[in-house]
file my_file-v6.cif (mmCIF, C-alpha atoms)
data_model
loop_
_atom_site.group_PDB
_atom_site.id
_atom_site.type_symbol
_atom_site.label_atom_id
_atom_site.label_comp_id
_atom_site.auth_asym_id
_atom_site.auth_seq_id
_atom_site.Cartn_x
_atom_site.Cartn_y
_atom_site.Cartn_z
ATOM 1 C CA MET A 926 105.999 106.460 124.140
ATOM 2 C CA ILE A 927 104.904 109.998 124.795
ATOM 3 C CA MET A 928 105.511 112.591 122.114
ATOM 4 C CA THR A 929 108.100 114.845 123.652
ATOM 5 C CA GLY A 930 108.594 118.515 122.901
ATOM 6 C CA SER A 931 112.088 117.893 121.577
ATOM 7 C CA VAL A 932 110.770 115.666 118.769
ATOM 8 C CA TRP A 933 108.346 118.341 117.630
ATOM 9 C CA LYS A 934 111.054 120.958 117.738
ATOM 10 C CA ALA A 935 113.467 118.728 115.863
ATOM 11 C CA LEU A 936 110.988 118.033 113.068
ATOM 12 C CA ALA A 937 109.726 121.598 112.807
ATOM 13 C CA GLU A 938 112.461 122.774 110.475
ATOM 14 C CA ASP A 939 112.898 122.077 106.758
ATOM 15 C CA ASN A 940 116.659 121.479 106.830
ATOM 16 C CA ARG A 941 116.365 119.042 109.699
ATOM 17 C CA ARG A 942 113.692 117.048 107.900
ATOM 18 C CA GLN A 943 115.947 117.110 104.846
ATOM 19 C CA ILE A 944 118.802 115.695 106.940
ATOM 20 C CA LEU A 945 116.576 112.834 108.111
ATOM 21 C CA LEU A 946 115.649 112.171 104.537
ATOM 22 C CA LEU A 947 119.301 112.024 103.457
ATOM 23 C CA LEU A 948 120.234 109.774 106.374
ATOM 24 C CA ARG A 949 117.399 107.498 105.417
ATOM 25 C CA GLU A 950 119.314 106.770 102.203
ATOM 26 C CA ARG A 951 122.617 106.064 103.975
ATOM 27 C CA ASP A 952 124.787 106.970 106.967
ATOM 28 C CA MET A 953 126.793 110.168 106.476
ATOM 29 C CA PHE A 954 129.456 112.418 107.963
ATOM 30 C CA PRO A 955 128.573 116.106 108.603
ATOM 31 C CA SER A 956 130.826 117.201 105.732
ATOM 32 C CA GLU A 957 128.884 114.966 103.302
ATOM 33 C CA LEU A 958 125.576 116.285 104.569
ATOM 34 C CA ALA A 959 126.738 119.902 104.285
ATOM 35 C CA LYS A 960 127.190 119.450 100.513
ATOM 36 C CA HIS A 961 123.401 119.213 100.221
ATOM 37 C CA PHE A 962 122.783 122.563 101.902
ATOM 38 C CA ASP A 963 123.609 126.214 101.272
ATOM 39 C CA THR A 964 124.244 126.697 104.972
ATOM 40 C CA THR A 965 127.556 126.382 106.808
ATOM 41 C CA LEU A 966 128.942 123.178 108.281
ATOM 42 C CA ALA A 967 128.358 124.733 111.714
ATOM 43 C CA ALA A 968 124.651 125.125 110.944
ATOM 44 C CA VAL A 969 124.459 121.479 109.833
ATOM 45 C CA SER A 970 126.215 120.436 113.043
ATOM 46 C CA THR A 971 123.696 122.400 115.119
ATOM 47 C CA ASN A 972 120.828 120.657 113.357
ATOM 48 C CA LEU A 973 122.499 117.279 113.886
ATOM 49 C CA ARG A 974 122.795 118.017 117.593
ATOM 50 C CA ILE A 975 119.074 118.900 117.825
ATOM 51 C CA LEU A 976 118.118 115.699 115.982
ATOM 52 C CA LYS A 977 120.422 113.669 118.217
ATOM 53 C CA ASP A 978 118.984 115.250 121.389
ATOM 54 C CA ALA A 979 115.522 114.269 120.160
ATOM 55 C CA ASP A 980 116.850 110.710 119.793
ATOM 56 C CA LEU A 981 115.960 110.671 116.101
ATOM 57 C CA ILE A 982 119.512 110.026 114.901
ATOM 58 C CA LYS A 983 122.545 108.164 116.191
ATOM 59 C CA GLU A 984 126.149 109.324 116.337
ATOM 60 C CA THR A 985 129.061 106.916 115.853
ATOM 61 C CA ARG A 986 132.644 108.043 116.366
ATOM 62 C CA GLU A 987 135.145 106.992 113.724
ATOM 63 C CA GLY A 988 138.523 108.353 114.773
ATOM 64 C CA GLN A 989 138.262 112.131 114.578
ATOM 65 C CA LYS A 990 135.006 111.981 112.628
ATOM 66 C CA LYS A 991 131.395 111.442 113.656
ATOM 67 C CA ARG A 992 129.087 109.425 111.469
ATOM 68 C CA TYR A 993 125.341 109.917 111.660
ATOM 69 C CA SER A 994 122.528 107.456 111.034
ATOM 70 C CA ILE A 995 118.792 107.132 111.611
ATOM 71 C CA ASN A 996 118.164 105.812 115.106
ATOM 72 C CA PRO A 997 116.433 102.413 114.765
ATOM 73 C CA LYS A 998 115.754 102.449 118.519
ATOM 74 C CA LYS A 999 113.027 104.992 117.853
ATOM 75 C CA THR A 1000 111.117 102.467 115.770
ATOM 76 C CA LEU A 1001 111.502 99.865 118.491
ATOM 77 C CA GLU A 1002 110.074 102.369 120.971
ATOM 78 C CA ILE A 1003 107.162 102.958 118.630
ATOM 79 C CA LYS A 1004 106.624 99.190 118.407
ATOM 80 C CA GLU A 1005 106.688 98.963 122.190
ATOM 81 C CA PHE A 1006 104.112 101.717 122.389
ATOM 82 C CA PHE A 1007 101.746 99.788 120.092
ATOM 83 C CA ASP A 1008 102.461 96.489 121.825
ATOM 84 C CA LYS A 1009 101.319 97.999 125.125
ATOM 85 C CA MET A 1010 98.424 99.833 123.511
ATOM 86 C CA TRP A 1011 97.030 96.695 121.833
ATOM 87 C CA GLY A 1012 97.520 94.615 124.986
ATOM 88 C CA ASN A 1013 95.408 97.065 127.004
ATOM 89 C CA ASN A 1014 92.799 97.490 124.313
ATOM 90 C CA LEU A 1015 92.313 93.766 123.708
ATOM 91 C CA GLU A 1016 91.633 93.328 127.416
ATOM 92 C CA GLY A 1017 89.178 96.239 127.190
ATOM 93 C CA LEU A 1018 87.451 94.674 124.183
ATOM 94 C CA LYS A 1019 87.155 91.298 125.937
ATOM 95 C CA LYS A 1020 85.654 92.930 129.040
ATOM 96 C CA PHE A 1021 83.233 95.004 126.967
ATOM 97 C CA VAL A 1022 81.943 92.132 124.804
ATOM 98 C CA GLU A 1023 81.728 89.671 127.692
ATOM 99 C CA SER A 1024 79.900 92.067 130.032
ATOM 100 C CA LYS A 1025 77.437 92.785 127.228
ATOM 101 C CA GLU A 1026 76.842 89.047 126.850
ATOM 102 C CA ALA A 1027 76.417 88.595 130.618
ATOM 103 C CA LYS A 1028 73.859 91.415 130.720
ATOM 104 C CA LYS A 1029 71.869 89.770 127.951
ATOM 105 C CA LYS A 1030 71.853 86.413 129.747
ATOM 106 C CA ASN A 1031 70.570 88.049 132.949
ATOM 107 C CA GLU A 1032 67.763 89.683 131.031
ATOM 108 C CA ARG A 1033 66.515 86.342 129.762
ATOM 109 C CA MET B 765 117.399 101.589 105.473
ATOM 110 C CA SER B 766 113.947 100.155 105.226
ATOM 111 C CA ASP B 767 114.299 96.911 107.162
ATOM 112 C CA GLU B 768 110.916 95.687 108.269
ATOM 113 C CA TYR B 769 110.521 94.589 111.860
ATOM 114 C CA ASP B 770 108.503 91.584 112.984
ATOM 115 C CA PRO B 771 104.820 92.437 113.325
ATOM 116 C CA ILE B 772 103.108 92.773 116.693
ATOM 117 C CA LYS B 773 100.882 89.742 117.219
ATOM 118 C CA LYS B 774 98.370 89.248 120.012
ATOM 119 C CA GLU B 775 95.757 86.575 120.639
ATOM 120 C CA ILE B 776 92.825 86.580 122.999
ATOM 121 C CA VAL B 777 89.874 84.242 123.574
ATOM 122 C CA ILE B 778 86.563 86.008 124.166
ATOM 123 C CA SER B 779 83.478 84.313 125.603
ATOM 124 C CA ALA B 780 81.055 85.517 122.949
ATOM 125 C CA SER B 781 79.977 84.452 119.492
ATOM 126 C CA VAL B 782 82.119 85.430 116.502
ATOM 127 C CA ASP B 783 79.509 87.885 115.152
ATOM 128 C CA LYS B 784 79.392 89.743 118.487
ATOM 129 C CA VAL B 785 83.159 90.166 118.449
ATOM 130 C CA TYR B 786 83.136 91.231 114.807
ATOM 131 C CA SER B 787 80.435 93.841 115.520
ATOM 132 C CA ALA B 788 82.585 95.343 118.266
ATOM 133 C CA LEU B 789 85.356 95.840 115.692
ATOM 134 C CA ILE B 790 83.339 97.452 112.901
ATOM 135 C CA THR B 791 80.311 99.199 114.446
ATOM 136 C CA PRO B 792 81.090 102.806 115.470
ATOM 137 C CA GLU B 793 78.702 102.817 118.461
ATOM 138 C CA LEU B 794 80.367 99.664 119.800
ATOM 139 C CA LEU B 795 83.949 100.652 118.943
ATOM 140 C CA THR B 796 83.633 103.847 120.984
ATOM 141 C CA GLN B 797 82.814 101.787 124.066
ATOM 142 C CA TRP B 798 86.210 100.132 124.229
ATOM 143 C CA PHE B 799 88.570 101.901 121.810
ATOM 144 C CA PRO B 800 88.526 105.424 120.293
ATOM 145 C CA ASN B 801 86.124 108.089 121.495
ATOM 146 C CA ILE B 802 85.019 109.248 118.061
ATOM 147 C CA VAL B 803 84.740 106.884 115.082
ATOM 148 C CA THR B 804 83.869 107.206 111.424
ATOM 149 C CA ILE B 805 84.073 104.031 109.377
ATOM 150 C CA GLU B 806 82.968 103.159 105.846
ATOM 151 C CA PRO B 807 82.517 99.378 106.089
ATOM 152 C CA LYS B 808 83.730 98.382 102.618
ATOM 153 C CA ILE B 809 87.046 97.630 100.905
ATOM 154 C CA GLY B 810 88.683 100.978 100.144
ATOM 155 C CA GLY B 811 86.452 102.633 102.751
ATOM 156 C CA LYS B 812 87.993 105.257 105.033
ATOM 157 C CA ILE B 813 88.351 104.998 108.766
ATOM 158 C CA PHE B 814 88.868 107.808 111.229
ATOM 159 C CA PHE B 815 89.516 107.391 114.950
ATOM 160 C CA ARG B 816 89.922 110.137 117.500
ATOM 161 C CA PHE B 817 91.234 109.473 120.999
ATOM 162 C CA LEU B 818 90.351 112.287 123.377
ATOM 163 C CA LYS B 819 92.983 113.517 125.788
ATOM 164 C CA GLU B 820 90.519 113.335 128.707
ATOM 165 C CA TYR B 821 90.577 109.549 128.299
ATOM 166 C CA THR B 822 94.142 108.903 127.204
ATOM 167 C CA LYS B 823 95.603 111.323 129.787
ATOM 168 C CA GLN B 824 97.917 112.645 127.064
ATOM 169 C CA ASP B 825 98.580 116.306 126.383
ATOM 170 C CA LYS B 826 96.393 116.368 123.274
ATOM 171 C CA ASP B 827 93.849 114.407 121.254
ATOM 172 C CA HIS B 828 95.184 111.803 118.843
ATOM 173 C CA GLU B 829 93.861 111.048 115.389
ATOM 174 C CA ILE B 830 94.175 107.965 113.210
ATOM 175 C CA MET B 831 93.270 107.754 109.546
ATOM 176 C CA GLY B 832 93.244 104.638 107.436
ATOM 177 C CA THR B 833 91.748 102.702 104.564
ATOM 178 C CA ILE B 834 90.082 99.300 104.763
ATOM 179 C CA ILE B 835 92.061 96.610 102.919
ATOM 180 C CA THR B 836 90.224 93.397 103.854
ATOM 181 C CA LEU B 837 86.653 92.979 105.023
ATOM 182 C CA ILE B 838 85.281 89.470 105.426
ATOM 183 C CA PRO B 839 82.462 89.624 107.993
ATOM 184 C CA ASN B 840 83.086 87.428 111.043
ATOM 185 C CA ARG B 841 86.472 86.354 109.681
ATOM 186 C CA GLU B 842 88.912 89.124 108.875
ATOM 187 C CA LEU B 843 89.226 92.897 108.922
ATOM 188 C CA SER B 844 92.332 94.880 108.061
ATOM 189 C CA TYR B 845 93.095 98.535 107.512
ATOM 190 C CA THR B 846 96.000 100.913 107.209
ATOM 191 C CA TRP B 847 96.870 102.887 110.296
ATOM 192 C CA ASN B 848 98.267 106.437 110.135
ATOM 193 C CA PHE B 849 98.916 108.385 113.276
ATOM 194 C CA MET B 850 98.149 111.919 112.057
ATOM 195 C CA THR B 851 99.159 113.393 115.388
ATOM 196 C CA ARG B 852 102.481 111.589 115.747
ATOM 197 C CA PRO B 853 104.716 112.689 112.880
ATOM 198 C CA GLU B 854 107.624 110.352 113.635
ATOM 199 C CA TYR B 855 105.530 107.171 113.514
ATOM 200 C CA ASN B 856 105.538 104.910 110.445
ATOM 201 C CA LYS B 857 102.868 105.704 107.906
ATOM 202 C CA ASN B 858 100.556 103.020 106.540
ATOM 203 C CA THR B 859 101.258 100.322 109.047
ATOM 204 C CA ILE B 860 98.636 97.582 108.762
ATOM 205 C CA VAL B 861 96.245 96.472 111.491
ATOM 206 C CA THR B 862 94.665 93.052 110.869
ATOM 207 C CA TRP B 863 91.992 91.393 112.980
ATOM 208 C CA LYS B 864 91.405 87.647 112.456
ATOM 209 C CA LEU B 865 88.450 85.912 114.042
ATOM 210 C CA GLU B 866 88.034 82.208 114.606
ATOM 211 C CA GLN B 867 84.928 80.626 116.081
ATOM 212 C CA LEU B 868 85.997 78.056 118.689
ATOM 213 C CA THR B 869 82.510 77.171 119.934
ATOM 214 C CA THR B 870 79.159 78.952 119.540
ATOM 215 C CA ASP B 871 80.061 81.301 122.396
ATOM 216 C CA LYS B 872 83.851 81.343 122.241
ATOM 217 C CA THR B 873 85.901 83.266 119.732
ATOM 218 C CA LYS B 874 89.633 83.460 119.215
ATOM 219 C CA LEU B 875 90.694 86.935 118.125
ATOM 220 C CA THR B 876 94.132 87.591 116.672
ATOM 221 C CA LEU B 877 95.537 91.064 116.167
ATOM 222 C CA ILE B 878 98.498 91.631 113.844
ATOM 223 C CA HIS B 879 100.045 95.070 113.455
ATOM 224 C CA SER B 880 102.707 95.057 110.727
ATOM 225 C CA GLY B 881 104.738 97.421 108.574
ATOM 226 C CA PHE B 882 107.157 98.855 111.136
ATOM 227 C CA THR B 883 110.368 99.928 109.479
ATOM 228 C CA ASN B 884 113.156 102.210 110.574
ATOM 229 C CA ALA B 885 112.589 104.297 107.452
ATOM 230 C CA VAL B 886 110.288 106.737 109.146
ATOM 231 C CA ASP B 887 108.380 108.845 106.665
ATOM 232 C CA TYR B 888 109.229 112.290 107.945
ATOM 233 C CA ASN B 889 109.098 113.608 104.405
ATOM 234 C CA MET B 890 105.328 113.459 104.265
ATOM 235 C CA MET B 891 104.803 115.540 107.315
ATOM 236 C CA ILE B 892 104.845 119.230 107.932
ATOM 237 C CA ILE B 893 104.532 120.746 111.361
ATOM 238 C CA THR B 894 102.357 123.810 111.645
ATOM 239 C CA LYS B 895 101.270 125.724 114.718
ATOM 240 C CA ASP B 896 97.973 123.851 114.585
ATOM 241 C CA GLY B 897 99.500 120.402 114.307
ATOM 242 C CA VAL B 898 100.519 118.144 111.498
ATOM 243 C CA GLY B 899 99.543 118.099 107.865
ATOM 244 C CA ILE B 900 100.694 116.487 104.660
ATOM 245 C CA LEU B 901 103.469 118.321 102.906
ATOM 246 C CA LYS B 902 101.895 118.725 99.484
ATOM 247 C CA ASP B 903 104.848 120.248 97.654
ATOM 248 C CA LEU B 904 106.963 117.161 98.174
ATOM 249 C CA LYS B 905 105.108 115.159 95.566
ATOM 250 C CA ILE B 906 108.193 113.402 94.268
ATOM 251 C CA LEU B 907 109.054 112.144 97.726
ATOM 252 C CA TRP B 908 105.464 111.102 98.215
ATOM 253 C CA ILE B 909 105.592 109.006 95.043
ATOM 254 C CA LYS B 910 108.901 107.560 96.177
ATOM 255 C CA THR B 911 107.402 106.582 99.521
ATOM 256 C CA GLN B 912 104.465 104.952 97.782
ATOM 257 C CA THR B 913 106.802 102.960 95.547
ATOM 258 C CA GLN B 914 108.823 101.805 98.538
ATOM 259 C CA THR B 915 105.669 100.723 100.325
ATOM 260 C CA LYS B 916 104.751 98.499 97.412
ATOM 261 C CA LEU B 917 108.141 96.807 97.221
#
call {"tool": "encode", "arguments": {"input": "my_file-v6.cif", "output": "structure tokens"}}
result
Amino acid sequence: MIMTGSVWKALAEDNRRQILLLLRERDMFPSELAKHFDTTLAAVSTNLRILKDADLIKETREGQKKRYSINPKKTLEIKEFFDKMWGNNLEGLKKFVESKEAKKKNER
Amino acid sequence: MSDEYDPIKKEIVISASVDKVYSALITPELLTQWFPNIVTIEPKIGGKIFFRFLKEYTKQDKDHEIMGTIITLIPNRELSYTWNFMTRPEYNKNTIVTWKLEQLTTDKTKLTLIHSGFTNAVDYNMMIITKDGVGILKDLKILWIKTQTQTKL
């Protein structure tokens, strides 16, 4: 996964990091989240939209209300990134060590 | 919530003796030939590791840095360390990279890589974004302690 600009932007603000922290504890509605901030509900909603656009949180509709939660997909993407990274690097390690061995044998 | 995902596990058989493979994992001059471009490593338990991947090689928009601490060090058998992506703030902190080596024959080694500790409780609280990049948010000590406690559980 490539670090996109939207993730940086989303994390570059104290209130948004605070929202992530609160959602880490449990899923919440915007009105519940707003209780933790001095700002307006509209400001909280704006921050939620930015976090959602960055794919960091998930939105679930419950009737008229929207419930927010940490997006677990992001972690799966991170796992995929490492899975690919290690696959490539293990091949690289094998090639490196084996070519070094081959060189030594030729020198003998 | 902090559900832990299954670790990443990969196995590979290398046609070289177990000490050759181990050296490639712990010796900076050898590590840089297949993995990061700049390496600092204190080869002891509790020792620090630092890896830098240069953007010229990774084709990414910037260099990437990893910091960690060695947890296990049994020469020719096992090496493990914590892995912190300093340049990727949304990644899990203190995931654990473990290398296990098994000698199959005198010139064949089975190498197993296990990368564990992926949870959906991403530790955003530790990170602060500055114009220059990412640093540890020092004034959030309580949250830091909380994170540490959760890691231990």
call {"tool": "resolve_selection", "arguments": {"input": "my_file-v6.cif", "expression": "the PyMOL selection byres ((chain A) within 8 of (chain B))", "output": "JSON, numbers by chain"}}
result
{"A": [927, 928, 933, 936, 937, 942, 943, 945, 946, 949, 950, 951, 995, 996, 997, 999, 1000, 1003, 1004, 1007, 1008, 1011, 1012, 1014, 1015, 1017, 1018, 1019, 1021, 1022, 1023, 1026]}
call {"tool": "write_last_selection", "arguments": {"input": "my_file-v6.cif", "atoms": "C-alpha atoms", "output": "JSON list (two decimals), in the frame of the given file"}}
result
[["chain", "number", "residue", "atom", "x", "y", "z"],
["A", 927, "ILE", "CA", 104.90, 110.00, 124.80],
["A", 928, "MET", "CA", 105.51, 112.59, 122.11],
["A", 933, "TRP", "CA", 108.35, 118.34, 117.63],
["A", 936, "LEU", "CA", 110.99, 118.03, 113.07],
["A", 937, "ALA", "CA", 109.73, 121.60, 112.81],
["A", 942, "ARG", "CA", 113.69, 117.05, 107.90],
["A", 943, "GLN", "CA", 115.95, 117.11, 104.85],
["A", 945, "LEU", "CA", 116.58, 112.83, 108.11],
["A", 946, "LEU", "CA", 115.65, 112.17, 104.54],
["A", 949, "ARG", "CA", 117.40, 107.50, 105.42],
["A", 950, "GLU", "CA", 119.31, 106.77, 102.20],
["A", 951, "ARG", "CA", 122.62, 106.06, 103.98],
["A", 995, "ILE", "CA", 118.79, 107.13, 111.61],
["A", 996, "ASN", "CA", 118.16, 105.81, 115.11],
["A", 997, "PRO", "CA", 116.43, 102.41, 114.76],
["A", 999, "LYS", "CA", 113.03, 104.99, 117.85],
["A", 1000, "THR", "CA", 111.12, 102.47, 115.77],
["A", 1003, "ILE", "CA", 107.16, 102.96, 118.63],
["A", 1004, "LYS", "CA", 106.62, 99.19, 118.41],
["A", 1007, "PHE", "CA", 101.75, 99.79, 120.09],
["A", 1008, "ASP", "CA", 102.46, 96.49, 121.82],
["A", 1011, "TRP", "CA", 97.03, 96.70, 121.83],
["A", 1012, "GLY", "CA", 97.52, 94.62, 124.99],
["A", 1014, "ASN", "CA", 92.80, 97.49, 124.31],
["A", 1015, "LEU", "CA", 92.31, 93.77, 123.71],
["A", 1017, "GLY", "CA", 89.18, 96.24, 127.19],
["A", 1018, "LEU", "CA", 87.45, 94.67, 124.18],
["A", 1019, "LYS", "CA", 87.16, 91.30, 125.94],
["A", 1021, "PHE", "CA", 83.23, 95.00, 126.97],
["A", 1022, "VAL", "CA", 81.94, 92.13, 124.80],
["A", 1023, "GLU", "CA", 81.73, 89.67, 127.69],
["A", 1026, "GLU", "CA", 76.84, 89.05, 126.85]]
call {"tool": "resolve_selection", "arguments": {"input": "my_file-v6.cif", "expression": "the PyMOL selection byres ((chain A and resi 961-971) around 12)", "output": "number ranges by chain"}}
result
A: 935, 939-948, 953-960, 972-978, 984, 991-993
call {"tool": "write_last_selection", "arguments": {"input": "my_file-v6.cif", "atoms": "C-alpha atoms", "output": "mmCIF file, in the coordinates of the input"}}
result
data_model
loop_
_atom_site.group_PDB
_atom_site.id
_atom_site.type_symbol
_atom_site.label_atom_id
_atom_site.label_comp_id
_atom_site.auth_asym_id
_atom_site.auth_seq_id
_atom_site.Cartn_x
_atom_site.Cartn_y
_atom_site.Cartn_z
ATOM 1 C CA ALA A 935 113.467 118.728 115.863
ATOM 2 C CA ASP A 939 112.898 122.077 106.758
ATOM 3 C CA ASN A 940 116.659 121.479 106.830
ATOM 4 C CA ARG A 941 116.365 119.042 109.699
ATOM 5 C CA ARG A 942 113.692 117.048 107.900
ATOM 6 C CA GLN A 943 115.947 117.110 104.846
ATOM 7 C CA ILE A 944 118.802 115.695 106.940
ATOM 8 C CA LEU A 945 116.576 112.834 108.111
ATOM 9 C CA LEU A 946 115.649 112.171 104.537
ATOM 10 C CA LEU A 947 119.301 112.024 103.457
ATOM 11 C CA LEU A 948 120.234 109.774 106.374
ATOM 12 C CA MET A 953 126.793 110.168 106.476
ATOM 13 C CA PHE A 954 129.456 112.418 107.963
ATOM 14 C CA PRO A 955 128.573 116.106 108.603
ATOM 15 C CA SER A 956 130.826 117.201 105.732
ATOM 16 C CA GLU A 957 128.884 114.966 103.302
ATOM 17 C CA LEU A 958 125.576 116.285 104.569
ATOM 18 C CA ALA A 959 126.738 119.902 104.285
ATOM 19 C CA LYS A 960 127.190 119.450 100.513
ATOM 20 C CA ASN A 972 120.828 120.657 113.357
ATOM 21 C CA LEU A 973 122.499 117.279 113.886
ATOM 22 C CA ARG A 974 122.795 118.017 117.593
ATOM 23 C CA ILE A 975 119.074 118.900 117.825
ATOM 24 C CA LEU A 976 118.118 115.699 115.982
ATOM 25 C CA LYS A 977 120.422 113.669 118.217
ATOM 26 C CA ASP A 978 118.984 115.250 121.389
ATOM 27 C CA GLU A 984 126.149 109.324 116.337
ATOM 28 C CA LYS A 991 131.395 111.442 113.656
ATOM 29 C CA ARG A 992 129.087 109.425 111.469
ATOM 30 C CA TYR A 993 125.341 109.917 111.660
#
call {"tool": "atom_distance", "arguments": {"input": "my_file-v6.cif", "atom1": "CA of Trp863 in chain B", "atom2": "CA of Ser844 in chain B"}}
result
6.0 Å
call {"tool": "atom_distance", "arguments": {"input": "my_file-v6.cif", "atom1": "CA of Ile860 in chain B", "atom2": "CA of Glu806 in chain B"}}
result
16.9 Å
call {"tool": "atom_distance", "arguments": {"input": "my_file-v6.cif", "atom1": "CA of Ile834 in chain B", "atom2": "CA of Ile805 in chain B"}}
result
8.9 Å
call {"tool": "decode", "arguments": {"input": "my_file-v6.cif", "residues": "range 1005-1023 of chain A", "atoms": "N, CA and C atoms", "output": "CSV table (one decimal), in the first residue's frame"}}
result
chain,number,residue,atom,x,y,z
A,1005,GLU,N,-1.4,-7.0,3.8
A,1005,GLU,CA,-1.1,-7.3,2.4
A,1005,GLU,C,0.2,-6.7,1.9
A,1006,PHE,N,0.4,-5.4,2.3
A,1006,PHE,CA,1.6,-4.7,2.0
A,1006,PHE,C,2.9,-5.5,2.5
A,1007,PHE,N,2.8,-6.0,3.7
A,1007,PHE,CA,4.0,-6.7,4.3
A,1007,PHE,C,4.1,-8.1,3.7
A,1008,ASP,N,3.0,-8.7,3.4
A,1008,ASP,CA,3.0,-10.0,2.8
A,1008,ASP,C,3.8,-10.0,1.5
A,1009,LYS,N,3.5,-9.0,0.7
A,1009,LYS,CA,4.1,-8.8,-0.6
A,1009,LYS,C,5.6,-8.4,-0.4
A,1010,MET,N,5.8,-7.5,0.5
A,1010,MET,CA,7.2,-7.0,0.8
A,1010,MET,C,8.1,-8.2,1.2
A,1011,TRP,N,7.6,-9.0,2.1
A,1011,TRP,CA,8.4,-10.2,2.6
A,1011,TRP,C,8.6,-11.2,1.5
A,1012,GLY,N,7.6,-11.4,0.7
A,1012,GLY,CA,7.7,-12.4,-0.4
A,1012,GLY,C,8.9,-12.0,-1.3
A,1013,ASN,N,8.9,-10.7,-1.7
A,1013,ASN,CA,9.9,-10.2,-2.6
A,1013,ASN,C,11.3,-10.2,-2.0
A,1014,ASN,N,11.3,-9.9,-0.7
A,1014,ASN,CA,12.6,-9.8,0.0
A,1014,ASN,C,13.2,-11.1,0.3
A,1015,LEU,N,12.4,-12.1,0.5
A,1015,LEU,CA,12.9,-13.5,0.8
A,1015,LEU,C,13.5,-14.0,-0.5
A,1016,GLU,N,12.9,-13.7,-1.6
A,1016,GLU,CA,13.4,-14.2,-2.9
A,1016,GLU,C,14.8,-13.5,-3.1
A,1017,GLY,N,14.8,-12.2,-2.8
A,1017,GLY,CA,16.1,-11.4,-2.9
A,1017,GLY,C,17.2,-12.0,-2.0
A,1018,LEU,N,16.8,-12.3,-0.8
A,1018,LEU,CA,17.8,-12.9,0.1
A,1018,LEU,C,18.3,-14.2,-0.4
A,1019,LYS,N,17.4,-15.1,-0.9
A,1019,LYS,CA,17.8,-16.4,-1.4
A,1019,LYS,C,18.8,-16.2,-2.6
A,1020,LYS,N,18.5,-15.3,-3.5
A,1020,LYS,CA,19.3,-15.0,-4.7
A,1020,LYS,C,20.7,-14.5,-4.2
A,1021,PHE,N,20.7,-13.6,-3.3
A,1021,PHE,CA,21.9,-13.0,-2.8
A,1021,PHE,C,22.8,-14.0,-2.2
A,1022,VAL,N,22.3,-14.8,-1.2
A,1022,VAL,CA,23.1,-15.8,-0.5
A,1022,VAL,C,23.6,-16.9,-1.5
A,1023,GLU,N,22.7,-17.4,-2.3
A,1023,GLU,CA,23.1,-18.4,-3.3
A,1023,GLU,C,24.1,-18.0,-4.3
